[in-house]
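Asker: Have a peek at structure.csv (CSV, C-alpha atoms and all ligand atoms).
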```csv
chain,number,residue,atom,x,y,z
A,1,MET,CA,58.4,-4.3,31.2
A,2,ARG,CA,61.4,-6.4,30.6
A,3,CYS,CA,60.3,-9.3,28.5
A,4,ILE,CA,61.6,-12.6,27.2
A,5,VAL,CA,60.0,-14.1,24.1
A,6,THR,CA,61.1,-17.7,23.4
A,7,GLY,CA,60.7,-18.8,19.8
A,8,ALA,CA,61.3,-15.2,18.7
A,9,ALA,CA,62.4,-16.1,15.2
A,10,GLY,CA,59.2,-18.1,14.6
A,11,PHE,CA,56.0,-17.0,13.0
A,12,ILE,CA,54.1,-15.9,16.1
A,13,GLY,CA,57.1,-15.0,18.2
A,14,SER,CA,58.5,-12.5,15.7
A,15,HIS,CA,55.1,-10.7,15.5
A,16,LEU,CA,54.8,-10.7,19.3
A,17,CYS,CA,58.3,-9.1,19.6
A,18,GLU,CA,57.4,-6.4,17.2
A,19,ARG,CA,54.2,-5.6,19.0
A,20,LEU,CA,55.9,-5.5,22.5
A,21,LEU,CA,58.6,-3.2,21.2
A,22,ALA,CA,56.0,-0.9,19.6
A,23,ASP,CA,54.3,-0.8,23.0
A,24,GLY,CA,57.5,0.4,24.6
A,25,HIS,CA,58.7,-2.8,26.3
A,26,ALA,CA,62.3,-4.1,26.3
A,27,VAL,CA,62.5,-7.6,24.7
A,28,THR,CA,65.1,-10.4,24.7
A,29,GLY,CA,64.3,-12.8,21.9
A,30,ILE,CA,65.5,-16.4,22.3
A,31,ASP,CA,65.6,-19.0,19.5
A,32,CYS,CA,67.8,-21.9,18.4
A,33,PHE,CA,66.7,-22.1,14.8
A,34,THR,CA,65.4,-25.7,14.8
A,35,ASP,CA,65.5,-27.3,11.4
A,36,TYR,CA,61.7,-27.7,11.3
A,37,TYR,CA,61.8,-25.2,8.5
A,38,PRO,CA,64.7,-23.3,7.0
A,39,ARG,CA,66.8,-20.9,9.0
A,40,PRO,CA,66.7,-18.1,6.3
A,41,ILE,CA,62.9,-17.9,6.7
A,42,LYS,CA,63.4,-17.4,10.4
A,43,GLU,CA,66.1,-14.8,9.8
A,44,ARG,CA,63.6,-13.0,7.5
A,45,ASN,CA,61.1,-13.1,10.3
A,46,LEU,CA,63.6,-11.3,12.6
A,47,ALA,CA,64.4,-8.7,9.9
A,48,ASN,CA,62.3,-5.9,11.4
A,49,LEU,CA,63.7,-6.4,14.9
A,50,GLY,CA,67.4,-6.1,14.2
A,51,GLY,CA,68.8,-2.8,15.3
A,52,HIS,CA,65.9,-1.8,17.5
A,53,PRO,CA,67.6,-0.3,20.6
A,54,GLN,CA,65.2,-2.2,23.0
A,55,PHE,CA,65.7,-5.6,21.3
A,56,GLN,CA,68.4,-8.2,22.1
A,57,PHE,CA,68.6,-11.6,20.5
A,58,SER,CA,70.1,-14.7,22.1
A,59,GLU,CA,70.7,-17.8,20.0
A,60,LEU,CA,70.1,-20.4,22.7
A,61,ASP,CA,68.6,-23.9,22.8
A,62,LEU,CA,66.5,-23.8,25.9
A,63,SER,CA,66.7,-27.6,26.3
A,64,GLN,CA,70.4,-27.2,27.1
A,65,GLY,CA,69.6,-25.0,30.1
A,66,VAL,CA,69.0,-21.3,30.6
A,67,PRO,CA,71.9,-19.3,32.0
A,68,ALA,CA,70.9,-17.2,35.1
A,69,GLU,CA,71.9,-13.9,33.4
A,70,VAL,CA,69.3,-14.5,30.6
A,71,ALA,CA,66.4,-14.7,33.2
A,72,SER,CA,67.7,-12.0,35.5
A,73,GLY,CA,65.4,-9.1,36.0
A,74,VAL,CA,62.7,-10.4,33.6
A,75,GLU,CA,59.1,-9.4,34.3
A,76,TRP,CA,57.1,-11.0,31.5
A,77,VAL,CA,58.1,-14.3,29.8
A,78,PHE,CA,56.3,-15.5,26.7
A,79,HIS,CA,57.2,-19.1,26.0
A,80,LEU,CA,56.5,-19.9,22.4
A,81,ALA,CA,59.5,-22.0,21.5
A,82,ALA,CA,58.5,-25.4,20.4
A,83,MET,CA,58.6,-28.0,17.6
A,84,ALA,CA,55.2,-27.4,16.0
A,85,GLY,CA,53.3,-29.7,13.7
A,86,LEU,CA,51.5,-33.0,14.1
A,87,THR,CA,52.9,-35.1,11.2
A,88,ARG,CA,56.6,-35.0,12.0
A,89,SER,CA,56.0,-35.7,15.7
A,90,TRP,CA,55.2,-39.4,14.8
A,91,LEU,CA,58.6,-39.7,13.2
A,92,ASP,CA,60.8,-37.8,15.6
A,93,PHE,CA,59.5,-38.2,19.1
A,94,ASP,CA,62.7,-37.5,20.9
A,95,THR,CA,63.1,-34.1,19.2
A,96,TYR,CA,59.6,-33.1,20.2
A,97,ASN,CA,60.1,-34.3,23.7
A,98,ARG,CA,63.4,-32.2,24.0
A,99,HIS,CA,62.1,-29.0,22.4
A,100,ASN,CA,58.6,-29.0,23.9
A,101,LEU,CA,59.0,-30.6,27.3
A,102,THR,CA,62.7,-30.5,28.4
A,103,ALA,CA,63.0,-27.0,27.1
A,104,THR,CA,60.0,-25.9,29.1
A,105,HIS,CA,61.4,-27.6,32.2
A,106,ARG,CA,64.8,-25.8,31.9
A,107,LEU,CA,63.0,-22.5,31.4
A,108,LEU,CA,60.8,-22.9,34.5
A,109,GLU,CA,63.8,-24.0,36.5
A,110,ALA,CA,65.6,-20.8,35.5
A,111,LEU,CA,62.5,-18.6,36.4
A,112,LYS,CA,61.7,-20.3,39.7
A,113,GLY,CA,62.3,-17.9,42.6
A,114,SER,CA,62.8,-14.9,40.4
A,115,PRO,CA,61.9,-11.8,42.5
A,116,THR,CA,61.0,-9.7,39.4
A,117,LEU,CA,58.9,-12.2,37.5
A,118,LYS,CA,55.2,-11.2,37.0
A,119,ARG,CA,53.9,-13.6,34.4
A,120,VAL,CA,54.9,-16.5,32.2
A,121,ILE,CA,52.6,-17.0,29.3
A,122,TYR,CA,52.8,-20.5,27.8
A,123,ALA,CA,51.7,-21.0,24.2
A,124,SER,CA,49.8,-24.3,24.1
A,125,THR,CA,47.6,-25.6,21.4
A,126,SER,CA,44.1,-26.9,20.5
A,127,SER,CA,46.0,-30.2,19.8
A,128,VAL,CA,45.8,-31.0,23.6
A,129,TYR,CA,42.1,-31.7,23.0
A,130,GLY,CA,42.7,-34.2,20.1
A,131,LYS,CA,40.4,-35.0,17.2
A,132,TYR,CA,37.5,-32.9,18.4
A,133,ALA,CA,38.6,-29.6,19.7
A,134,SER,CA,35.3,-27.7,19.7
A,135,GLY,CA,34.2,-26.1,22.9
A,136,ASP,CA,35.5,-24.4,25.9
A,137,GLU,CA,38.3,-25.2,28.3
A,138,THR,CA,36.3,-27.9,30.1
A,139,LEU,CA,36.6,-30.3,27.1
A,140,PRO,CA,38.6,-33.4,28.0
A,141,THR,CA,42.2,-33.3,26.9
A,142,LYS,CA,42.8,-36.3,24.7
A,143,PRO,CA,45.7,-35.5,22.4
A,144,SER,CA,45.8,-37.5,19.1
A,145,SER,CA,49.5,-37.0,18.3
A,146,PRO,CA,52.8,-37.1,20.1
A,147,TYR,CA,53.0,-33.3,19.4
A,148,GLY,CA,49.8,-32.7,21.4
A,149,ILE,CA,51.1,-35.0,24.2
A,150,THR,CA,54.3,-33.1,24.6
A,151,LYS,CA,52.4,-29.7,24.6
A,152,LEU,CA,50.0,-31.0,27.2
A,153,ALA,CA,52.8,-32.3,29.3
A,154,ALA,CA,54.5,-28.9,29.2
A,155,GLU,CA,51.2,-27.3,30.3
A,156,GLN,CA,51.2,-29.6,33.3
A,157,LEU,CA,54.8,-28.6,34.1
A,158,CYS,CA,53.7,-25.0,34.1
A,159,ARG,CA,50.8,-25.9,36.4
A,160,VAL,CA,53.1,-27.7,38.8
A,161,TYR,CA,55.7,-24.9,38.9
A,162,CYS,CA,52.8,-22.4,39.5
A,163,ASP,CA,51.3,-24.5,42.3
A,164,GLU,CA,54.6,-25.5,44.0
A,165,TRP,CA,57.0,-22.7,43.2
A,166,ASN,CA,54.7,-19.7,42.6
A,167,VAL,CA,55.9,-19.3,39.0
A,168,PRO,CA,53.0,-17.2,37.8
A,169,ALA,CA,52.1,-19.2,34.6
A,170,VAL,CA,49.1,-18.7,32.4
A,171,VAL,CA,48.3,-21.2,29.6
A,172,LEU,CA,46.9,-20.1,26.2
A,173,ARG,CA,45.6,-22.8,23.9
A,174,TYR,CA,46.1,-21.4,20.4
A,175,PHE,CA,43.8,-22.6,17.6
A,176,SER,CA,45.6,-22.6,14.2
A,177,VAL,CA,47.0,-19.2,13.7
A,178,TYR,CA,47.4,-17.6,10.2
A,179,GLY,CA,48.5,-14.4,8.5
A,180,PRO,CA,51.7,-13.0,7.1
A,181,ARG,CA,54.8,-15.2,8.0
A,182,GLN,CA,52.7,-18.3,8.6
A,183,ARG,CA,54.9,-21.3,8.8
A,184,PRO,CA,55.6,-22.7,5.3
A,185,GLU,CA,54.2,-26.1,5.9
A,186,MET,CA,50.8,-24.9,7.4
A,187,GLY,CA,47.6,-25.5,5.4
A,188,TYR,CA,46.7,-21.9,4.4
A,189,HIS,CA,50.3,-21.2,3.4
A,190,LEU,CA,50.4,-24.3,1.1
A,191,PHE,CA,46.9,-23.6,-0.3
A,192,ILE,CA,47.7,-20.0,-1.2
A,193,ASN,CA,51.0,-20.9,-2.8
A,194,ALA,CA,49.4,-23.6,-4.9
A,195,ILE,CA,46.6,-21.4,-6.2
A,196,LEU,CA,48.9,-18.5,-6.9
A,197,GLN,CA,51.2,-20.8,-8.9
A,198,GLY,CA,48.4,-22.8,-10.6
A,199,LYS,CA,49.6,-26.0,-8.9
A,200,PRO,CA,47.5,-28.8,-7.3
A,201,ILE,CA,46.6,-28.5,-3.6
A,202,LYS,CA,47.2,-31.8,-1.7
A,203,LEU,CA,44.0,-32.1,0.2
A,204,THR,CA,44.3,-34.6,3.1
A,205,GLY,CA,40.9,-36.1,4.1
A,206,ASP,CA,37.5,-35.1,2.6
A,207,GLY,CA,37.9,-31.3,3.1
A,208,LEU,CA,35.0,-31.2,5.5
A,209,GLN,CA,37.3,-30.8,8.5
A,210,VAL,CA,36.0,-27.8,10.4
A,211,ARG,CA,38.5,-25.1,11.4
A,212,GLY,CA,38.3,-22.0,13.6
A,213,ASN,CA,41.5,-20.1,12.8
A,214,THR,CA,43.0,-17.1,14.5
A,215,TYR,CA,44.5,-14.1,12.8
A,216,ILE,CA,48.0,-13.3,13.9
A,217,ALA,CA,47.3,-9.8,15.2
A,218,ASP,CA,44.3,-11.1,17.3
A,219,CYS,CA,46.6,-13.9,18.7
A,220,VAL,CA,49.3,-11.4,19.6
A,221,GLU,CA,46.8,-9.0,21.3
A,222,ALA,CA,45.3,-11.9,23.4
A,223,THR,CA,48.8,-13.1,24.3
A,224,ILE,CA,49.8,-9.7,25.7
A,225,ARG,CA,46.5,-9.3,27.5
A,226,ALA,CA,47.1,-12.7,29.2
A,227,THR,CA,49.8,-11.0,31.3
A,228,GLN,CA,46.8,-9.6,33.3
A,229,ALA,CA,45.2,-13.0,33.9
A,230,MET,CA,45.3,-14.8,37.2
A,231,PRO,CA,48.3,-17.3,37.4
A,232,GLY,CA,47.1,-20.9,36.9
A,233,GLU,CA,44.4,-20.0,34.4
A,234,VAL,CA,44.0,-21.8,31.1
A,235,PHE,CA,42.3,-20.1,28.1
A,236,ASN,CA,41.3,-21.1,24.6
A,237,LEU,CA,42.4,-18.6,22.0
A,238,GLY,CA,40.7,-18.9,18.6
A,239,GLY,CA,39.3,-16.7,15.8
A,240,GLY,CA,35.6,-17.4,16.2
A,241,GLU,CA,34.5,-18.0,12.5
A,242,LEU,CA,34.1,-21.7,11.7
A,243,VAL,CA,34.7,-22.9,8.1
A,244,THR,CA,35.4,-26.2,6.4
A,245,VAL,CA,38.6,-26.6,4.4
A,246,LEU,CA,36.6,-26.7,1.2
A,247,GLU,CA,35.0,-23.4,2.1
A,248,VAL,CA,38.5,-21.9,2.6
A,249,PHE,CA,39.4,-23.0,-0.9
A,250,LYS,CA,36.3,-21.1,-2.2
A,251,LYS,CA,37.3,-17.9,-0.3
A,252,LEU,CA,40.9,-18.2,-1.6
A,253,GLU,CA,39.7,-18.7,-5.2
A,254,ARG,CA,37.7,-15.5,-4.9
A,255,ILE,CA,40.5,-13.4,-3.2
A,256,ILE,CA,43.2,-14.6,-5.7
A,257,GLY,CA,40.9,-14.8,-8.7
A,258,LYS,CA,42.2,-18.2,-9.8
A,259,PRO,CA,40.8,-21.7,-9.5
A,260,ALA,CA,42.0,-24.2,-6.9
A,261,ILE,CA,43.1,-27.5,-8.4
A,262,ILE,CA,42.4,-30.1,-5.7
A,263,GLU,CA,44.3,-33.4,-5.4
A,264,LYS,CA,42.7,-35.8,-2.9
A,265,ASN,CA,44.9,-37.6,-0.4
A,266,PRO,CA,44.2,-39.9,2.6
A,267,PRO,CA,43.7,-38.2,6.0
A,268,ARG,CA,46.8,-37.4,8.1
A,269,LEU,CA,47.3,-39.7,11.1
A,270,GLY,CA,45.9,-38.1,14.2
A,271,ASP,CA,44.5,-35.1,12.2
A,272,GLN,CA,41.9,-33.0,14.0
A,273,LEU,CA,38.4,-33.3,12.5
A,274,ALA,CA,37.0,-30.2,14.1
A,275,THR,CA,38.5,-27.3,15.9
A,276,GLY,CA,36.5,-24.3,17.1
A,277,ALA,CA,37.5,-22.4,20.2
A,278,ASP,CA,34.8,-21.2,22.6
A,279,VAL,CA,36.6,-18.0,23.7
A,280,THR,CA,33.9,-16.9,26.2
A,281,LYS,CA,36.4,-17.2,29.1
A,282,LEU,CA,39.0,-15.0,27.4
A,283,PHE,CA,36.4,-12.3,26.9
A,284,ARG,CA,35.0,-12.6,30.4
A,285,HIS,CA,38.4,-12.4,32.1
A,286,LEU,CA,40.3,-10.1,29.8
A,287,GLY,CA,37.8,-8.4,27.5
A,288,TRP,CA,39.4,-10.0,24.4
A,289,LYS,CA,37.5,-10.7,21.2
A,290,PRO,CA,38.9,-11.5,17.7
A,291,THR,CA,38.5,-8.5,15.4
A,292,THR,CA,39.8,-9.7,12.0
A,293,SER,CA,37.4,-11.6,9.8
A,294,LEU,CA,38.6,-14.6,7.9
A,295,ASP,CA,38.2,-12.9,4.6
A,296,ASP,CA,40.3,-9.9,5.6
A,297,GLY,CA,42.9,-12.1,7.3
A,298,LEU,CA,43.3,-14.4,4.3
A,299,ALA,CA,43.6,-11.4,2.0
A,300,LYS,CA,46.5,-10.1,4.1
A,301,GLN,CA,48.2,-13.4,4.0
A,302,VAL,CA,47.7,-13.6,0.2
A,303,GLU,CA,49.3,-10.2,-0.3
A,304,TRP,CA,52.3,-11.2,1.8
A,305,GLN,CA,52.7,-14.5,0.0
A,306,LYS,CA,52.6,-12.7,-3.4
A,307,THR,CA,55.8,-10.9,-2.3
A,308,LEU,CA,57.6,-14.2,-1.8
A,309,ILE,CA,57.0,-15.7,-5.2
B,401,LIG,N1,51.0,-21.5,14.5
B,401,LIG,C1,49.9,-22.1,15.0
B,401,LIG,O1,48.9,-22.1,14.4
B,401,LIG,C2,50.0,-22.6,16.4
B,401,LIG,C3,48.8,-23.3,16.9
B,401,LIG,C4,48.8,-23.8,18.2
B,401,LIG,C5,49.9,-23.6,19.0
B,401,LIG,N2,51.0,-23.0,18.5
B,401,LIG,C6,52.2,-22.9,19.4
B,401,LIG,O2,52.7,-21.5,19.3
B,401,LIG,C7,54.1,-21.5,19.4
B,401,LIG,C8,54.7,-20.8,18.2
B,401,LIG,O3,54.3,-21.4,17.0
B,401,LIG,P1,54.8,-20.9,15.6
B,401,LIG,O4,53.8,-21.3,14.6
B,401,LIG,O5,55.3,-19.5,15.6
B,401,LIG,O6,56.0,-21.9,15.3
B,401,LIG,P2,57.5,-21.6,14.7
B,401,LIG,O7,58.1,-23.0,14.5
B,401,LIG,O8,57.4,-20.6,13.6
B,401,LIG,O9,58.3,-21.0,16.0
B,401,LIG,C9,58.8,-21.7,17.1
B,401,LIG,C10,60.2,-21.3,17.2
B,401,LIG,O10,60.8,-21.9,18.4
B,401,LIG,C11,62.1,-22.2,18.2
B,401,LIG,N3,62.5,-23.2,19.1
B,401,LIG,C12,62.1,-24.5,19.1
B,401,LIG,N4,62.7,-25.2,20.1
B,401,LIG,C13,63.5,-24.3,20.7
B,401,LIG,C14,64.4,-24.4,21.8
B,401,LIG,N5,64.6,-25.6,22.5
B,401,LIG,N6,65.1,-23.3,22.2
B,401,LIG,C15,65.0,-22.2,21.5
B,401,LIG,N7,64.1,-22.0,20.5
B,401,LIG,C16,63.4,-23.1,20.1
B,401,LIG,C17,62.2,-22.6,16.7
B,401,LIG,O11,63.5,-22.5,16.1
B,401,LIG,C18,61.1,-21.7,16.1
B,401,LIG,O12,61.8,-20.5,15.5
B,401,LIG,C19,54.5,-23.0,19.5
B,401,LIG,O13,54.7,-23.2,20.9
B,401,LIG,C20,53.3,-23.8,19.0
B,401,LIG,O14,53.3,-25.0,19.6
B,401,LIG,C21,51.1,-22.5,17.2
```
What do you get writing this file as structure tokens?

Answerer:
Amino acid sequence: MRCIVTGAAGFIGSHLCERLLADGHAVTGIDCFTDYYPRPIKERNLANLGGHPQFQFSELDLSQGVPAEVASGVEWVFHLAAMAGLTRSWLDFDTYNRHNLTATHRLLEALKGSPTLKRVIYASTSSVYGKYASGDETLPTKPSSPYGITKLAAEQLCRVYCDEWNVPAVVLRYFSVYGPRQRPEMGYHLFINAILQGKPIKLTGDGLQVRGNTYIADCVEATIRATQAMPGEVFNLGGGELVTVLEVFKKLERIIGKPAIIEKNPPRLGDQLATGADVTKLFRHLGWKPTTSLDDGLAKQVEWQKTLI
């Protein structure tokens, strides 16, 4: 297949590109290197892709429009480009609106009417559900941050372009993804670095927030399987195992062999109190189940982070 991966220099996008190439597909990666985290980290994410004969990279800001030649002949589009993260979205709404909503609009406009297009997979988030994101896809969508609102609005754009223009879009709602290359501001990344370096972990809230996280390889597998889903479908994509943040600290202490020094801080504005994906639908439609246990996935992320220190 001829594929486009937007957000290719990001955490999940770079893994997805590698897997698609390994499966024999041709991939055009698109990314504009937003300043959400430093460009050298994103260039390192791309390091395994450079030079692959089936990989092309286009440094392009989707919100500025998508040239017709970029979309020409494409069969699968994986739209992962976005400004992630809840906290900054309170401070910088216009940037979130541009990268999450306008960019999605420009991409869908470029894909509308394509004779070759088979699927567009949109990477959405559990944040569309808001503070309590535990359950299946029938949970009410009540985002508790501007980030969640822009991601939900982009889902709705996908639905409208699917209904009115036959753009064959499928929505996946990712529940916190972790593993090697996890974004540097994400919880597990920060916790692991702090324990490895004997520094305090800034815990926001009481640590009893429940999380159902997804290992990167499981996320990539489900994302590729979603190309076989019916257009218009929406799926939760999560790891299955539920733990509190305090339980994660215990696991990391055991894996790393050092104590976690915990520094308590007030909860983040709009933080999710519980996330746990019911992924029955993804299994029923596409036969997907997570295969990596949290202990194994965390151990892999720890090994990767040791190489960065
Ligand atoms: N990582 C998670 O746990 C998680 C959870 C839920 C949803 N998601 C979603 O998954 C997707 C990927 O997340 P990630 O963790 O890999 O984030 P990431 O920040 O590592 O990757 C996103 C990439 O998109 C690029 N980008 C942003 N706006 C762009 C634009 N206008 N044009 C071109 N490129 C642009 C950024 O430069 C970045 O490299 C995002 O859509 C995010 O909302 C991620």

Asker: Excluding A:Leu294 and residues on its chain fewer than 5 positions from it, collect all residues at most 10 Å away from it, counting only C-alpha atoms, and give them as JSON, numbers by chain.

Answerer: {"A": [178, 179, 212, 213, 214, 215, 239, 240, 241, 242, 243, 248, 251, 299, 300]}

Asker: Excluding A:Asn265 and any residue of its chain fewer than 4 positions from it, enumerate the residues within 9 Å of it, using all atoms listed in the file, and give them as a PyMOL selection string.

Answerer: chain A and resi 202-206

Asker: Select all residues near (72.7, -27.6, 35.0) (cut-off 10 Å, inclusive, file coordinates), counting only C-alpha atoms, and output them as a PyMOL selection string.

Answerer: chain A and resi 64-67+106+109-110

Asker: Near A:His189, counting all atoms listed in the file, which residues have an atom at most 10 Å away, once you skip same-chain residues fewer than 4 positions from it, shown as an MDAnalysis selection string?

Answerer: chainID A and resid 178:185 193:194 298 301:302 305

Asker: Could you check which of A:Pro290, A:Pro200, A:Gly148, A:Pro140 is closest to A:Thr87, using only C-alpha atoms?

Answerer: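 Looking only at the distances to A:Thr87, the closest residue turns out to be A:Gly148.
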
Asker: Let me make sure I understand: among A:Ile121, A:Ala8, A:Leu196, A:Leu282, which one has the smallest atom-to-atom distance to A:Ile309 if we use only C-alpha atoms?

Answerer: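 When distances to A:Ile309 are compared using only C-alpha atoms, the smallest one comes from A:Leu196.
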
Asker: Between A:Gly85, A:Pro267, A:Pro259, A:Gly135, which has the minimum distance to A:Phe235 (counting all atoms listed in the file)?

Answerer: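 Of the candidates, the smallest distance to A:Phe235 is held by A:Gly135.
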
Asker: Quick one: contact table of stretch 58-86 of chain A to stretch 33-42 of chain A, 9 Å max, nearest atom pair and distance in Å to one decimal per residue, counting only C-alpha atoms, chain and number order, as JSON lines?

Answerer:
```
{"residue": "A:Glu59", "atom": "CA", "partner": "A:Phe33", "partner_atom": "CA", "distance": 7.8}
{"residue": "A:Leu60", "atom": "CA", "partner": "A:Phe33", "partner_atom": "CA", "distance": 8.8}
{"residue": "A:Asp61", "atom": "CA", "partner": "A:Phe33", "partner_atom": "CA", "distance": 8.4}
{"residue": "A:Ala82", "atom": "CA", "partner": "A:Thr34", "partner_atom": "CA", "distance": 8.9}
{"residue": "A:Met83", "atom": "CA", "partner": "A:Tyr36", "partner_atom": "CA", "distance": 7.0}
{"residue": "A:Ala84", "atom": "CA", "partner": "A:Tyr36", "partner_atom": "CA", "distance": 8.0}
{"residue": "A:Gly85", "atom": "CA", "partner": "A:Tyr36", "partner_atom": "CA", "distance": 9.0}
```

Asker: Could you check which of A:Ala133, A:Leu91, A:Leu208, A:Met186 is closest to ligand LIG 401 (chain B), using all atoms listed in the file?

Answerer: A:Met186

Asker: Please list, as number ranges by chain, the residues that have an atom at most 6 Å away from (34.4, -23.4, 19.6) in the coordinates of this file, counting all atoms listed in the file.

Answerer: A: 134-135, 276-278

Asker: Between A:His15, A:Lys306, A:Arg225, A:Arg268, which residue has the minimum interatomic distance to ligand LIG 401 (chain B), considering all atoms listed in the file?

Answerer: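 Closest to ligand LIG 401 (chain B) of all the choices is A:His15.
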
Asker: Return the single residue from A:Val234, A:Ala154, A:Ile12, A:Leu273 that is closest to A:Val210, with distances computed using all atoms listed in the file.

Answerer: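 Ranked by minimum distance to A:Val210, first place goes to A:Leu273.
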
Asker: For A:His285, find every residue with an atom within 12 Å (counting all atoms listed in the file), except residues of its own chain fewer than 5 positions away, and show them as a short mmCIF file (atom, residue, chain, number, x, y, z; two decimals) with C-alpha atoms, in the frame of the given file.

Answerer:
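Dumped everything to around_12.cif:
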```cif
data_model
loop_
_atom_site.label_atom_id
_atom_site.label_comp_id
_atom_site.auth_asym_id
_atom_site.auth_seq_id
_atom_site.Cartn_x
_atom_site.Cartn_y
_atom_site.Cartn_z
CA ALA A 222 45.30 -11.90 23.40
CA ARG A 225 46.50 -9.30 27.50
CA ALA A 226 47.10 -12.70 29.20
CA THR A 227 49.80 -11.00 31.30
CA GLN A 228 46.80 -9.60 33.30
CA ALA A 229 45.20 -13.00 33.90
CA MET A 230 45.30 -14.80 37.20
CA GLU A 233 44.40 -20.00 34.40
CA VAL A 234 44.00 -21.80 31.10
CA PHE A 235 42.30 -20.10 28.10
CA ASN A 236 41.30 -21.10 24.60
CA VAL A 279 36.60 -18.00 23.70
CA THR A 280 33.90 -16.90 26.20
#
```

Asker: Copy stretch 270-297 of chain A out of the block into a file, keeping C-alpha atoms, as a tab-separated table (two decimals), in the first residue's frame.

Answerer:
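New file selection.tsv:
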```tsv
chain	number	residue	atom	x	y	z
A	270	GLY	CA	-8.68	19.11	33.83
A	271	ASP	CA	-6.67	15.98	34.67
A	272	GLN	CA	-8.34	12.65	34.03
A	273	LEU	CA	-9.18	10.82	37.27
A	274	ALA	CA	-9.70	7.41	35.68
A	275	THR	CA	-8.93	6.05	32.23
A	276	GLY	CA	-9.57	2.45	31.30
A	277	ALA	CA	-10.53	1.43	27.81
A	278	ASP	CA	-13.11	-1.25	27.23
A	279	VAL	CA	-11.67	-2.63	23.98
A	280	THR	CA	-14.33	-5.30	23.35
A	281	LYS	CA	-15.35	-3.61	20.11
A	282	LEU	CA	-11.82	-3.61	18.72
A	283	PHE	CA	-11.60	-7.33	19.48
A	284	ARG	CA	-15.02	-8.10	18.01
A	285	HIS	CA	-14.42	-6.17	14.78
A	286	LEU	CA	-10.72	-6.69	14.19
A	287	GLY	CA	-9.59	-9.52	16.50
A	288	TRP	CA	-7.17	-7.20	18.33
A	289	LYS	CA	-6.10	-7.67	21.93
A	290	PRO	CA	-3.17	-6.11	23.78
A	291	THR	CA	-0.31	-8.59	24.19
A	292	THR	CA	2.28	-6.71	26.26
A	293	SER	CA	1.93	-6.72	30.05
A	294	LEU	CA	2.57	-3.49	31.90
A	295	ASP	CA	5.61	-5.03	33.64
A	296	ASP	CA	7.20	-6.03	30.34
A	297	GLY	CA	6.36	-2.74	28.64
```
